file coords.pdb (PDB, C-alpha atoms and all ligand atoms)
ATOM      1  CA  MET A  66      15.376  48.539 110.345
ATOM      2  CA  ILE A  67      12.122  46.617 110.172
ATOM      3  CA  ASP A  68      12.380  42.994 111.248
ATOM      4  CA  GLN A  69      11.477  41.077 108.068
ATOM      5  CA  THR A  70      10.975  37.890 110.072
ATOM      6  CA  ALA A  71       8.259  39.478 112.244
ATOM      7  CA  PRO A  72       4.983  37.542 112.073
ATOM      8  CA  GLU A  73       2.134  38.905 109.953
ATOM      9  CA  THR A  74      -0.027  41.378 111.813
ATOM     10  CA  ASP A  75      -3.220  39.909 113.211
ATOM     11  CA  PHE A  76      -5.814  42.437 112.098
ATOM     12  CA  THR A  77      -8.524  40.927 114.273
ATOM     13  CA  LEU A  78      -6.752  42.195 117.392
ATOM     14  CA  LEU A  79      -7.052  45.800 118.503
ATOM     15  CA  PRO A  80      -3.558  47.314 118.243
ATOM     16  CA  LYS A  81      -1.920  49.473 120.881
ATOM     17  CA  PRO A  82      -0.303  52.764 119.827
ATOM     18  CA  GLY A  83       3.468  52.289 119.739
ATOM     19  CA  PRO A  84       5.787  53.925 122.278
ATOM     20  CA  GLY A  85       6.494  57.581 121.516
ATOM     21  CA  MET A  86       3.767  57.659 118.867
ATOM     22  CA  PHE A  87       1.617  60.729 118.721
ATOM     23  CA  ALA A  88      -1.965  59.983 119.706
ATOM     24  CA  ALA A  89      -4.596  62.719 119.708
ATOM     25  CA  PRO A  90      -5.660  63.476 123.283
ATOM     26  CA  LEU A  91      -9.203  62.185 122.947
ATOM     27  CA  LYS A  92     -11.100  61.472 126.133
ATOM     28  CA  ARG A  93     -13.094  58.275 125.902
ATOM     29  CA  PRO A  94     -16.595  58.680 127.395
ATOM     30  CA  ALA A  95     -17.192  56.483 130.451
ATOM     31  CA  HIS A  96     -19.789  54.235 128.773
ATOM     32  CA  ILE A  97     -17.532  53.452 125.783
ATOM     33  CA  ALA A  98     -15.238  50.403 125.682
ATOM     34  CA  GLU A  99     -11.762  50.254 124.099
ATOM     35  CA  ASP A 100     -13.244  49.675 120.657
ATOM     36  CA  TRP A 101     -14.911  53.115 120.934
ATOM     37  CA  LEU A 102     -18.251  51.733 119.714
ATOM     38  CA  GLU A 103     -21.562  52.958 121.045
ATOM     39  CA  PRO A 104     -23.639  50.066 122.415
ATOM     40  CA  ALA A 105     -26.391  51.103 119.952
ATOM     41  CA  GLN A 106     -27.231  53.819 117.484
ATOM     42  CA  ARG A 107     -28.995  56.638 119.295
ATOM     43  CA  SER A 108     -32.575  57.562 118.508
ATOM     44  CA  TYR A 109     -33.233  60.863 116.795
ATOM     45  CA  SER A 110     -35.968  63.424 117.340
ATOM     46  CA  ALA A 111     -38.442  64.291 114.576
ATOM     47  CA  GLU A 112     -36.538  67.542 114.009
ATOM     48  CA  GLU A 113     -33.237  65.659 113.686
ATOM     49  CA  HIS A 114     -34.781  63.375 111.072
ATOM     50  CA  ARG A 115     -35.983  66.475 109.239
ATOM     51  CA  ILE A 116     -32.456  67.897 109.316
ATOM     52  CA  TRP A 117     -31.251  64.724 107.552
ATOM     53  CA  ASP A 118     -34.022  65.032 104.959
ATOM     54  CA  ASP A 119     -33.210  68.692 104.302
ATOM     55  CA  LEU A 120     -29.474  68.020 103.987
ATOM     56  CA  TYR A 121     -30.254  65.113 101.671
ATOM     57  CA  ALA A 122     -32.541  67.194  99.460
ATOM     58  CA  ARG A 123     -29.974  70.000  99.248
ATOM     59  CA  GLN A 124     -27.258  67.624  98.060
ATOM     60  CA  MET A 125     -29.499  65.834  95.600
ATOM     61  CA  ALA A 126     -30.187  69.134  93.850
ATOM     62  CA  ILE A 127     -26.450  69.515  93.206
ATOM     63  CA  LEU A 128     -24.856  66.082  92.853
ATOM     64  CA  PRO A 129     -26.198  64.811  89.496
ATOM     65  CA  GLY A 130     -23.528  65.419  86.856
ATOM     66  CA  ARG A 131     -20.921  66.301  89.499
ATOM     67  CA  ALA A 132     -20.716  63.227  91.738
ATOM     68  CA  ALA A 133     -19.088  59.985  90.589
ATOM     69  CA  SER A 134     -21.598  57.620  89.060
ATOM     70  CA  ALA A 135     -20.582  54.844  91.497
ATOM     71  CA  PHE A 136     -21.509  57.170  94.352
ATOM     72  CA  MET A 137     -24.930  57.925  92.865
ATOM     73  CA  ALA A 138     -25.503  54.220  92.270
ATOM     74  CA  GLY A 139     -24.576  53.462  95.897
ATOM     75  CA  LEU A 140     -27.005  56.075  97.215
ATOM     76  CA  GLU A 141     -29.745  54.451  95.208
ATOM     77  CA  ARG A 142     -28.869  50.877  96.115
ATOM     78  CA  LEU A 143     -28.957  51.690  99.829
ATOM     79  CA  ASP A 144     -31.947  53.977  99.368
ATOM     80  CA  LEU A 145     -30.469  56.520 101.768
ATOM     81  CA  GLY A 146     -33.222  58.993 100.909
ATOM     82  CA  ARG A 147     -36.035  56.799 102.188
ATOM     83  CA  GLY A 148     -36.655  59.383 104.931
ATOM     84  CA  GLY A 149     -34.828  60.356 108.133
ATOM     85  CA  VAL A 150     -31.460  59.271 109.503
ATOM     86  CA  PRO A 151     -30.822  55.745 108.195
ATOM     87  CA  ASP A 152     -30.992  52.844 110.614
ATOM     88  CA  PHE A 153     -27.435  51.480 110.895
ATOM     89  CA  ALA A 154     -28.528  47.874 111.460
ATOM     90  CA  ARG A 155     -30.668  47.781 108.335
ATOM     91  CA  MET A 156     -28.085  49.658 106.272
ATOM     92  CA  SER A 157     -25.342  47.279 107.461
ATOM     93  CA  GLU A 158     -27.399  44.288 106.476
ATOM     94  CA  GLU A 159     -27.867  45.629 102.957
ATOM     95  CA  LEU A 160     -24.267  46.773 102.662
ATOM     96  CA  GLY A 161     -23.014  43.499 104.127
ATOM     97  CA  ALA A 162     -24.824  41.539 101.414
ATOM     98  CA  LEU A 163     -23.072  43.655  98.753
ATOM     99  CA  THR A 164     -19.476  43.975 100.005
ATOM    100  CA  GLY A 165     -19.248  42.589 103.556
ATOM    101  CA  TRP A 166     -18.990  46.028 105.178
ATOM    102  CA  SER A 167     -21.002  47.299 108.129
ATOM    103  CA  VAL A 168     -21.562  50.746 109.633
ATOM    104  CA  VAL A 169     -20.963  51.056 113.372
ATOM    105  CA  PRO A 170     -21.866  54.007 115.622
ATOM    106  CA  VAL A 171     -19.158  55.956 117.464
ATOM    107  CA  PRO A 172     -19.672  58.933 119.793
ATOM    108  CA  MET A 173     -17.139  61.329 118.228
ATOM    109  CA  LEU A 174     -13.814  61.358 116.423
ATOM    110  CA  ILE A 175     -11.964  58.233 117.515
ATOM    111  CA  PRO A 176      -8.208  57.541 117.878
ATOM    112  CA  ASP A 177      -6.373  56.678 114.652
ATOM    113  CA  HIS A 178      -5.320  53.181 115.693
ATOM    114  CA  VAL A 179      -8.929  52.245 116.566
ATOM    115  CA  PHE A 180     -10.220  53.768 113.324
ATOM    116  CA  PHE A 181      -7.688  51.759 111.270
ATOM    117  CA  TRP A 182      -8.569  48.588 113.148
ATOM    118  CA  HIS A 183     -12.273  48.953 112.283
ATOM    119  CA  LEU A 184     -11.499  49.643 108.610
ATOM    120  CA  ALA A 185      -9.136  46.652 108.438
ATOM    121  CA  ASN A 186     -12.118  44.560 109.579
ATOM    122  CA  ARG A 187     -14.552  46.159 107.122
ATOM    123  CA  ARG A 188     -16.426  48.227 109.698
ATOM    124  CA  PHE A 189     -17.018  51.899 108.980
ATOM    125  CA  PRO A 190     -17.252  54.000 112.177
ATOM    126  CA  ALA A 191     -19.912  56.700 111.789
ATOM    127  CA  GLY A 192     -20.654  59.626 114.102
ATOM    128  CA  ASN A 193     -23.833  59.012 116.049
ATOM    129  CA  PHE A 194     -24.985  62.617 116.305
ATOM    130  CA  ILE A 195     -26.420  64.980 113.685
ATOM    131  CA  ARG A 196     -25.666  68.688 113.272
ATOM    132  CA  SER A 197     -28.166  71.346 114.361
ATOM    133  CA  ARG A 198     -29.878  74.019 112.235
ATOM    134  CA  GLU A 199     -27.294  76.496 113.570
ATOM    135  CA  THR A 200     -24.432  74.432 112.142
ATOM    136  CA  PHE A 201     -26.375  73.274 109.063
ATOM    137  CA  ASP A 202     -23.825  74.647 106.569
ATOM    138  CA  TYR A 203     -20.550  73.776 108.191
ATOM    139  CA  ILE A 204     -19.345  71.638 111.072
ATOM    140  CA  GLN A 205     -15.772  70.653 111.752
ATOM    141  CA  GLU A 206     -16.541  67.411 113.595
ATOM    142  CA  PRO A 207     -17.968  64.745 111.246
ATOM    143  CA  ASP A 208     -21.614  63.970 112.020
ATOM    144  CA  VAL A 209     -23.898  61.187 110.828
ATOM    145  CA  PHE A 210     -24.733  63.055 107.625
ATOM    146  CA  HIS A 211     -21.101  63.466 106.610
ATOM    147  CA  ASP A 212     -20.186  59.922 107.630
ATOM    148  CA  VAL A 213     -23.178  58.058 106.208
ATOM    149  CA  PHE A 214     -24.215  60.165 103.218
ATOM    150  CA  GLY A 215     -20.617  61.047 102.327
ATOM    151  CA  HIS A 216     -18.785  57.782 102.942
ATOM    152  CA  VAL A 217     -21.169  54.835 102.872
ATOM    153  CA  PRO A 218     -22.509  54.875  99.257
ATOM    154  CA  LEU A 219     -19.076  54.062  97.791
ATOM    155  CA  LEU A 220     -18.675  51.117 100.163
ATOM    156  CA  THR A 221     -21.167  49.380  97.857
ATOM    157  CA  ASP A 222     -18.463  49.387  95.153
ATOM    158  CA  PRO A 223     -16.383  46.197  95.568
ATOM    159  CA  THR A 224     -13.062  47.767  94.525
ATOM    160  CA  TYR A 225     -13.496  50.850  96.659
ATOM    161  CA  ALA A 226     -14.593  48.642  99.566
ATOM    162  CA  ASP A 227     -11.324  46.704  99.250
ATOM    163  CA  TYR A 228      -9.340  49.948  99.062
ATOM    164  CA  MET A 229     -10.814  51.131 102.357
ATOM    165  CA  GLN A 230      -9.871  47.878 104.049
ATOM    166  CA  GLU A 231      -6.323  48.139 102.668
ATOM    167  CA  TYR A 232      -6.158  51.678 103.942
ATOM    168  CA  GLY A 233      -6.904  50.417 107.454
ATOM    169  CA  ARG A 234      -4.129  47.823 107.149
ATOM    170  CA  ALA A 235      -1.740  50.480 105.831
ATOM    171  CA  GLY A 236      -2.620  52.549 108.886
ATOM    172  CA  TRP A 237      -1.044  49.994 111.134
ATOM    173  CA  LYS A 238       2.141  50.049 109.110
ATOM    174  CA  ALA A 239       2.202  53.841 109.198
ATOM    175  CA  MET A 240       1.915  53.691 112.978
ATOM    176  CA  GLN A 241       4.887  51.366 113.213
ATOM    177  CA  HIS A 242       6.940  53.847 111.169
ATOM    178  CA  ASN A 243       5.475  56.960 112.775
ATOM    179  CA  ARG A 244       4.301  58.230 109.407
ATOM    180  CA  LEU A 245       0.616  58.758 110.135
ATOM    181  CA  LYS A 246       0.787  62.296 108.831
ATOM    182  CA  ALA A 247       1.772  61.074 105.357
ATOM    183  CA  LEU A 248      -0.941  58.432 105.326
ATOM    184  CA  GLY A 249      -3.397  61.046 106.544
ATOM    185  CA  ALA A 250      -2.623  63.118 103.440
ATOM    186  CA  LEU A 251      -3.475  60.114 101.249
ATOM    187  CA  TYR A 252      -6.829  59.733 103.016
ATOM    188  CA  TRP A 253      -7.461  63.434 102.673
ATOM    189  CA  TYR A 254      -6.774  63.588  98.932
ATOM    190  CA  THR A 255      -8.650  60.380  98.099
ATOM    191  CA  VAL A 256     -11.369  59.344 100.560
ATOM    192  CA  GLU A 257     -12.292  62.893 101.597
ATOM    193  CA  PHE A 258     -11.449  65.098  98.597
ATOM    194  CA  GLY A 259     -10.831  62.760  95.674
ATOM    195  CA  LEU A 260     -11.887  63.321  92.052
ATOM    196  CA  ILE A 261     -12.271  60.660  89.354
ATOM    197  CA  MET A 262     -12.194  60.787  85.535
ATOM    198  CA  GLU A 263     -15.385  59.660  83.826
ATOM    199  CA  GLY A 264     -14.835  59.896  80.094
ATOM    200  CA  ASP A 265     -13.562  63.433  79.533
ATOM    201  CA  ALA A 266     -15.242  64.793  82.654
ATOM    202  CA  VAL A 267     -13.981  65.081  86.189
ATOM    203  CA  ARG A 268     -16.400  64.017  88.935
ATOM    204  CA  ALA A 269     -16.127  64.036  92.713
ATOM    205  CA  TYR A 270     -16.083  60.916  94.901
ATOM    206  CA  GLY A 271     -14.593  62.264  98.180
ATOM    207  CA  ALA A 272     -16.938  62.382 101.178
ATOM    208  CA  GLY A 273     -15.663  65.797 102.290
ATOM    209  CA  ILE A 274     -16.743  67.176  98.927
ATOM    210  CA  LEU A 275     -20.022  65.342  98.476
ATOM    211  CA  SER A 276     -21.487  66.007 101.914
ATOM    212  CA  GLY A 277     -21.611  69.788 101.309
ATOM    213  CA  PRO A 278     -22.899  71.956  98.441
ATOM    214  CA  SER A 279     -20.144  74.528  97.898
ATOM    215  CA  GLU A 280     -17.179  72.198  97.468
ATOM    216  CA  THR A 281     -19.190  69.881  95.205
ATOM    217  CA  VAL A 282     -19.449  72.697  92.675
ATOM    218  CA  PHE A 283     -16.009  74.207  93.366
ATOM    219  CA  SER A 284     -14.065  70.958  93.070
ATOM    220  CA  VAL A 285     -15.320  70.042  89.606
ATOM    221  CA  GLU A 286     -16.179  73.408  88.025
ATOM    222  CA  ALA A 287     -14.178  76.289  89.548
ATOM    223  CA  LYS A 288     -11.110  77.791  87.823
ATOM    224  CA  SER A 289      -9.161  78.274  91.066
ATOM    225  CA  PRO A 290      -8.014  74.777  92.045
ATOM    226  CA  ASN A 291      -5.355  72.600  90.446
ATOM    227  CA  ARG A 292      -6.525  69.182  89.322
ATOM    228  CA  ILE A 293      -3.665  66.707  89.113
ATOM    229  CA  MET A 294      -3.624  62.966  88.397
ATOM    230  CA  LEU A 295      -3.044  61.030  91.616
ATOM    231  CA  ASN A 296       0.441  59.795  92.376
ATOM    232  CA  VAL A 297       0.511  58.159  95.798
ATOM    233  CA  ASP A 298       4.134  59.050  96.620
ATOM    234  CA  ARG A 299       3.620  62.688  95.686
ATOM    235  CA  VAL A 300       0.352  63.032  97.569
ATOM    236  CA  MET A 301       1.837  61.587 100.746
ATOM    237  CA  ARG A 302       4.380  64.420 100.665
ATOM    238  CA  THR A 303       1.733  67.135 100.208
ATOM    239  CA  ASP A 304       0.325  69.431 102.890
ATOM    240  CA  TYR A 305      -3.424  70.020 103.131
ATOM    241  CA  VAL A 306      -5.885  72.511 104.621
ATOM    242  CA  ILE A 307      -8.651  71.296 106.878
ATOM    243  CA  ASP A 308     -10.803  74.406 107.193
ATOM    244  CA  ASP A 309     -11.210  75.721 103.662
ATOM    245  CA  LEU A 310     -11.815  74.612 100.078
ATOM    246  CA  GLN A 311      -8.826  72.728  98.652
ATOM    247  CA  PRO A 312      -6.306  74.576  96.408
ATOM    248  CA  SER A 313      -5.469  71.239  94.702
ATOM    249  CA  TYR A 314      -7.419  68.072  94.002
ATOM    250  CA  PHE A 315      -6.007  64.737  92.882
ATOM    251  CA  VAL A 316      -7.764  62.738  90.210
ATOM    252  CA  ILE A 317      -7.880  58.958  89.806
ATOM    253  CA  GLU A 318      -8.517  57.065  86.570
ATOM    254  CA  SER A 319     -10.716  54.519  88.312
ATOM    255  CA  PHE A 320     -11.116  52.828  91.679
ATOM    256  CA  LYS A 321      -9.032  49.943  90.325
ATOM    257  CA  ASP A 322      -6.228  52.432  89.645
ATOM    258  CA  LEU A 323      -6.526  53.762  93.200
ATOM    259  CA  TYR A 324      -6.518  50.254  94.650
ATOM    260  CA  HIS A 325      -3.476  49.115  92.684
ATOM    261  CA  GLN A 326      -1.484  52.292  93.326
ATOM    262  CA  THR A 327      -2.018  51.781  97.041
ATOM    263  CA  VAL A 328      -1.857  48.045  97.506
ATOM    264  CA  GLU A 329       1.059  47.458  95.175
ATOM    265  CA  ARG A 330       3.102  50.205  96.794
ATOM    266  CA  ASP A 331       5.728  48.968  99.223
ATOM    267  CA  PHE A 332       4.721  51.179 102.133
ATOM    268  CA  ASP A 333       7.575  49.937 104.364
ATOM    269  CA  ARG A 334      10.068  51.240 101.855
ATOM    270  CA  LEU A 335       8.138  54.423 101.198
ATOM    271  CA  TYR A 336       7.962  55.257 104.907
ATOM    272  CA  ARG A 337      11.691  54.732 105.335
ATOM    273  CA  ASN A 338      12.268  57.386 102.646
ATOM    274  CA  LEU A 339       9.695  59.910 103.824
ATOM    275  CA  GLY A 340      10.652  62.758 106.118
ATOM    276  CA  PRO A 341       8.434  63.567 109.102
ATOM    277  CA  GLY A 342       7.114  66.781 107.512
ATOM    278  CA  PHE A 343       5.513  67.608 104.160
ATOM    279  CA  THR A 344       7.680  68.503 101.145
ATOM    280  CA  TYR A 345       5.101  70.226  98.944
ATOM    281  CA  ALA A 346       2.712  73.089  99.647
ATOM    282  CA  ASN A 347      -0.932  72.362  98.876
ATOM    283  CA  THR A 348      -0.866  74.964  96.068
ATOM    284  CA  ALA A 349       2.227  73.542  94.325
ATOM    285  CA  VAL A 350       2.390  72.041  90.842
ATOM    286  CA  ILE A 351       5.648  70.119  90.398
ATOM    287  CA  ASP A 352       7.633  68.746  87.436
ATOM    288  CA  VAL A 353       6.412  65.164  87.733
ATOM    289  CA  ASP A 354       2.728  66.133  87.879
ATOM    290  CA  ASN A 355       0.329  64.961  85.229
ATOM    291  CA  VAL A 356      -1.909  68.042  85.300
ATOM    292  CA  VAL A 357      -5.546  67.772  84.260
ATOM    293  CA  SER A 358      -6.185  71.498  84.696
ATOM    294  CA  ARG A 359      -3.926  74.073  86.254
ATOM    295  CA  GLY A 360      -5.774  76.381  88.635
ATOM    296  CA  THR A 361      -5.673  80.155  88.824
ATOM    297  CA  LEU A 362      -5.652  79.874  92.662
ATOM    298  CA  GLU A 363      -7.712  83.060  92.588
ATOM    299  CA  TYR A 364      -9.952  82.054  95.493
ATOM    300  CA  HIS A 365      -7.009  81.324  97.767
ATOM    301  CA  LEU A 366      -4.962  84.332  96.609
ATOM    302  CA  ARG A 367      -7.895  86.547  97.593
ATOM    303  CA  GLY A 368      -7.789  85.130 101.093
ATOM    304  CA  GLY A 369     -10.136  82.134 100.966
ATOM    305  CA  ARG A 370     -12.805  81.491 103.589
ATOM    306  CA  GLY A 371     -13.283  84.386 105.954
ATOM    307  CA  SER A 372     -12.165  86.981 103.387
ATOM    308  CA  GLY A 373     -15.452  86.833 101.528
ATOM    309  CA  ALA A 374     -13.686  85.675  98.338
ATOM    310  CA  GLU A 375     -15.965  84.116  95.731
ATOM    311  CA  PRO A 376     -15.249  80.400  95.280
ATOM    312  CA  VAL A 377     -14.598  80.753  91.552
TER     313      VAL A 377
HETATM  314 FE    FE B   1     -14.962  61.838 106.497
END

call {"tool": "encode", "arguments": {"input": "coords.pdb", "output": "structure tokens"}}
result
Amino acid sequence: MIDQTAPETDFTLLPKPGPGMFAAPLKRPAHIAEDWLEPAQRSYSAEEHRIWDDLYARQMAILPGRAASAFMAGLERLDLGRGGVPDFARMSEELGALTGWSVVPVPMLIPDHVFFWHLANRRFPAGNFIRSRETFDYIQEPDVFHDVFGHVPLLTDPTYADYMQEYGRAGWKAMQHNRLKALGALYWYTVEFGLIMEGDAVRAYGAGILSGPSETVFSVEAKSPNRIMLNVDRVMRTDYVIDDLQPSYFVIESFKDLYHQTVERDFDRLYRNLGPGFTYANTAVIDVDNVVSRGTLEYHLRGGRGSGAEPV
């Protein structure tokens, strides 16, 4: 039972992971404090700046007509293509004037409770390093291109900016209930791999999609994946893959819809009713789904990444 008389959480204070709660075994570098922030953004070599420019140019050849218009507007407002890796201080100043968010440098993936704490205080932690030419096409650990190009443009949208803060607050609740896995699925299917309706067309807004070329095309145009209208309860019961294109994407009507579905949901109650594991496979279409387009799943049935299957 949750103590209903417990005082409101103070989101300015860094939380401690609860007893018995799973925390990824991340080793904090010696120069990093408990907030996991780098003292300053690192400086990049000329080649690293060129890598940013080349990644940027590659995405810009693909995004128009496939990325959400709010994302494209955010890219333009922050002028992220002005050349080289953006300066976090300058970007934060411009972003701060729009929605009160800032971008702060972190050395690597950071623990969940610290990540939630930064989001709850409108700070977006971004990887400090950039990928090399050898890992140009795919890296598992999020780098500055994924974090800044993929995530930051939408933080210029006031409703989306509020959603991200609410997500950080919800993270604390999920920790108290030991339901981080379920909340992680929500992040995955919205912030990383979300689609949005624009008129009759489906566009991508998730950072995991928009920071790479193949999933940008696959998510909105391929026949393989299911596209299903987002239902928060359903998504939080759904498994996901982290190392391949998604078999199912969830579509929102608008960022207002996403915000209301999340903020108006009684997460305490939801967590009490959720099991520790996932109920639905990531390929499943279930009775309650409002399906936008049912996928053939051909890409995944042929074996997905590693099998040489065409992402059709
Ligand atoms: Fe991400």

call {"tool": "residues_near_ligand", "arguments": {"input": "coords.pdb", "ligand": "ligand FE 1 (chain B)", "cutoff": "8 Å", "atoms": "only C-alpha atoms and all ligand atoms", "output": "mmCIF file with C-alpha atoms, in the coordinates of the input"}}
result
data_model
loop_
_atom_site.group_PDB
_atom_site.id
_atom_site.type_symbol
_atom_site.label_atom_id
_atom_site.label_comp_id
_atom_site.auth_asym_id
_atom_site.auth_seq_id
_atom_site.Cartn_x
_atom_site.Cartn_y
_atom_site.Cartn_z
ATOM 1 C CA PRO A 207 -17.968 64.745 111.246
ATOM 2 C CA HIS A 211 -21.101 63.466 106.610
ATOM 3 C CA ASP A 212 -20.186 59.922 107.630
ATOM 4 C CA GLY A 215 -20.617 61.047 102.327
ATOM 5 C CA HIS A 216 -18.785 57.782 102.942
ATOM 6 C CA VAL A 256 -11.369 59.344 100.560
ATOM 7 C CA GLU A 257 -12.292 62.893 101.597
ATOM 8 C CA ALA A 272 -16.938 62.382 101.178
ATOM 9 C CA GLY A 273 -15.663 65.797 102.290
#

call {"tool": "resolve_selection", "arguments": {"input": "coords.pdb", "expression": "the PyMOL selection byres (((chain A and resi 175) around 10) and not hetatm)", "output": "ChimeraX atom specification"}}
result
/A:89,91-93,100-102,171-174,176-181,190-192

call {"tool": "closest_residue", "arguments": {"input": "coords.pdb", "among": "A:Tyr270, A:Ile116, A:Asp308, A:Gln230", "to": "Gln205 in chain A", "atoms": "only C-alpha atoms"}}
result
A:Asp308

call {"tool": "resolve_selection", "arguments": {"input": "coords.pdb", "expression": "the PyMOL selection byres (((chain A and resi 319-325) around 9) and not hetatm)", "output": "ChimeraX atom specification"}}
result
/A:222,224-225,227-229,231,255,261-263,295,297,316-318,326-330

call {"tool": "resolve_selection", "arguments": {"input": "coords.pdb", "expression": "the PyMOL selection byres (((chain A and resi 291) around 9) and not hetatm)", "output": "PyMOL selection string"}}
result
chain A and resi 288-290+292-293+311-315+348-350+356-362

call {"tool": "residues_around", "arguments": {"input": "coords.pdb", "residues": "Leu160 in chain A", "least_positions_apart": "5", "cutoff": "8 Å", "atoms": "only C-alpha atoms", "output": "ChimeraX atom specification"}}
result
/A:143,165-167,220-221

call {"tool": "closest_residue", "arguments": {"input": "coords.pdb", "among": "A:Pro90, A:Gly139, A:Pro82, A:Gly149", "to": "His114 in chain A", "atoms": "all atoms listed in the file"}}
result
A:Gly149

call {"tool": "closest_residue", "arguments": {"input": "coords.pdb", "among": "A:Tyr203, A:Phe258, A:Trp237, A:Tyr336", "to": "Arg370 in chain A", "atoms": "only C-alpha atoms"}}
result
A:Tyr203

call {"tool": "closest_residue", "arguments": {"input": "coords.pdb", "among": "A:Asp265, A:Asp152, A:Glu375, A:Asp331", "to": "Leu310 in chain A", "atoms": "all atoms listed in the file"}}
result
A:Glu375

call {"tool": "atom_distance", "arguments": {"input": "coords.pdb", "atom1": "CA of Ala185 in chain A", "atom2": "CA of Tyr232 in chain A"}}
result
7.4 Å

call {"tool": "atom_distance", "arguments": {"input": "coords.pdb", "atom1": "CA of Phe194 in chain A", "atom2": "CA of Met240 in chain A"}}
result
28.5 Å

call {"tool": "atom_distance", "arguments": {"input": "coords.pdb", "atom1": "CA of Met301 in chain A", "atom2": "CA of Phe214 in chain A"}}
result
26.2 Å

call {"tool": "closest_residue", "arguments": {"input": "coords.pdb", "among": "A:Leu219, A:Ala269, A:Ala235, A:Met294", "to": "Ala247 in chain A", "atoms": "only C-alpha atoms"}}
result
A:Ala235

call {"tool": "closest_residue", "arguments": {"input": "coords.pdb", "among": "A:Pro218, A:His183, A:Pro151, A:Thr344", "to": "Ser108 in chain A", "atoms": "all atoms listed in the file"}}
result
A:Pro151

call {"tool": "axis_aligned_box", "arguments": {"input": "coords.pdb", "around": "range 174-185 of chain A", "padding_each_side": "5 Å", "output": "lines of an AutoDock Vina configuration file"}}
result
center_x = -9.6
center_y = 54.0
center_z = 113.2
size_x = 18.5
size_y = 24.7
size_z = 19.4

call {"tool": "residues_around", "arguments": {"input": "coords.pdb", "residues": "Phe343 in chain A", "least_positions_apart": "4", "cutoff": "7 Å", "atoms": "only C-alpha atoms", "output": "JSON, numbers by chain"}}
result
{"A": [302, 303, 304]}

call {"tool": "build_atoms", "arguments": {"input": "coords.pdb", "residues": "range 221-233 of chain A", "atoms": "N, CA and C atoms", "output": "CSV table (one decimal), in the coordinates of the input"}}
result
chain,number,residue,atom,x,y,z
A,221,THR,N,-20.4,50.4,98.6
A,221,THR,CA,-21.2,49.4,97.9
A,221,THR,C,-20.4,49.0,96.6
A,222,ASP,N,-19.3,49.7,96.3
A,222,ASP,CA,-18.5,49.4,95.2
A,222,ASP,C,-17.4,48.4,95.6
A,223,PRO,N,-17.3,47.2,95.0
A,223,PRO,CA,-16.4,46.2,95.6
A,223,PRO,C,-14.9,46.6,95.6
A,224,THR,N,-14.5,47.4,94.6
A,224,THR,CA,-13.1,47.8,94.5
A,224,THR,C,-12.8,48.8,95.6
A,225,TYR,N,-13.7,49.8,95.7
A,225,TYR,CA,-13.5,50.8,96.7
A,225,TYR,C,-13.6,50.3,98.1
A,226,ALA,N,-14.5,49.3,98.3
A,226,ALA,CA,-14.6,48.6,99.6
A,226,ALA,C,-13.3,48.0,99.9
A,227,ASP,N,-12.6,47.3,99.0
A,227,ASP,CA,-11.3,46.7,99.2
A,227,ASP,C,-10.3,47.8,99.5
A,228,TYR,N,-10.3,48.9,98.8
A,228,TYR,CA,-9.3,49.9,99.1
A,228,TYR,C,-9.4,50.4,100.5
A,229,MET,N,-10.7,50.6,101.0
A,229,MET,CA,-10.8,51.1,102.4
A,229,MET,C,-10.3,50.1,103.4
A,230,GLN,N,-10.4,48.9,103.1
A,230,GLN,CA,-9.9,47.9,104.0
A,230,GLN,C,-8.3,47.9,104.0
A,231,GLU,N,-7.8,48.1,102.8
A,231,GLU,CA,-6.3,48.1,102.7
A,231,GLU,C,-5.8,49.4,103.3
A,232,TYR,N,-6.6,50.4,103.3
A,232,TYR,CA,-6.2,51.7,103.9
A,232,TYR,C,-6.0,51.4,105.5
A,233,GLY,N,-7.0,50.7,106.0
A,233,GLY,CA,-6.9,50.4,107.5
A,233,GLY,C,-5.7,49.6,107.8
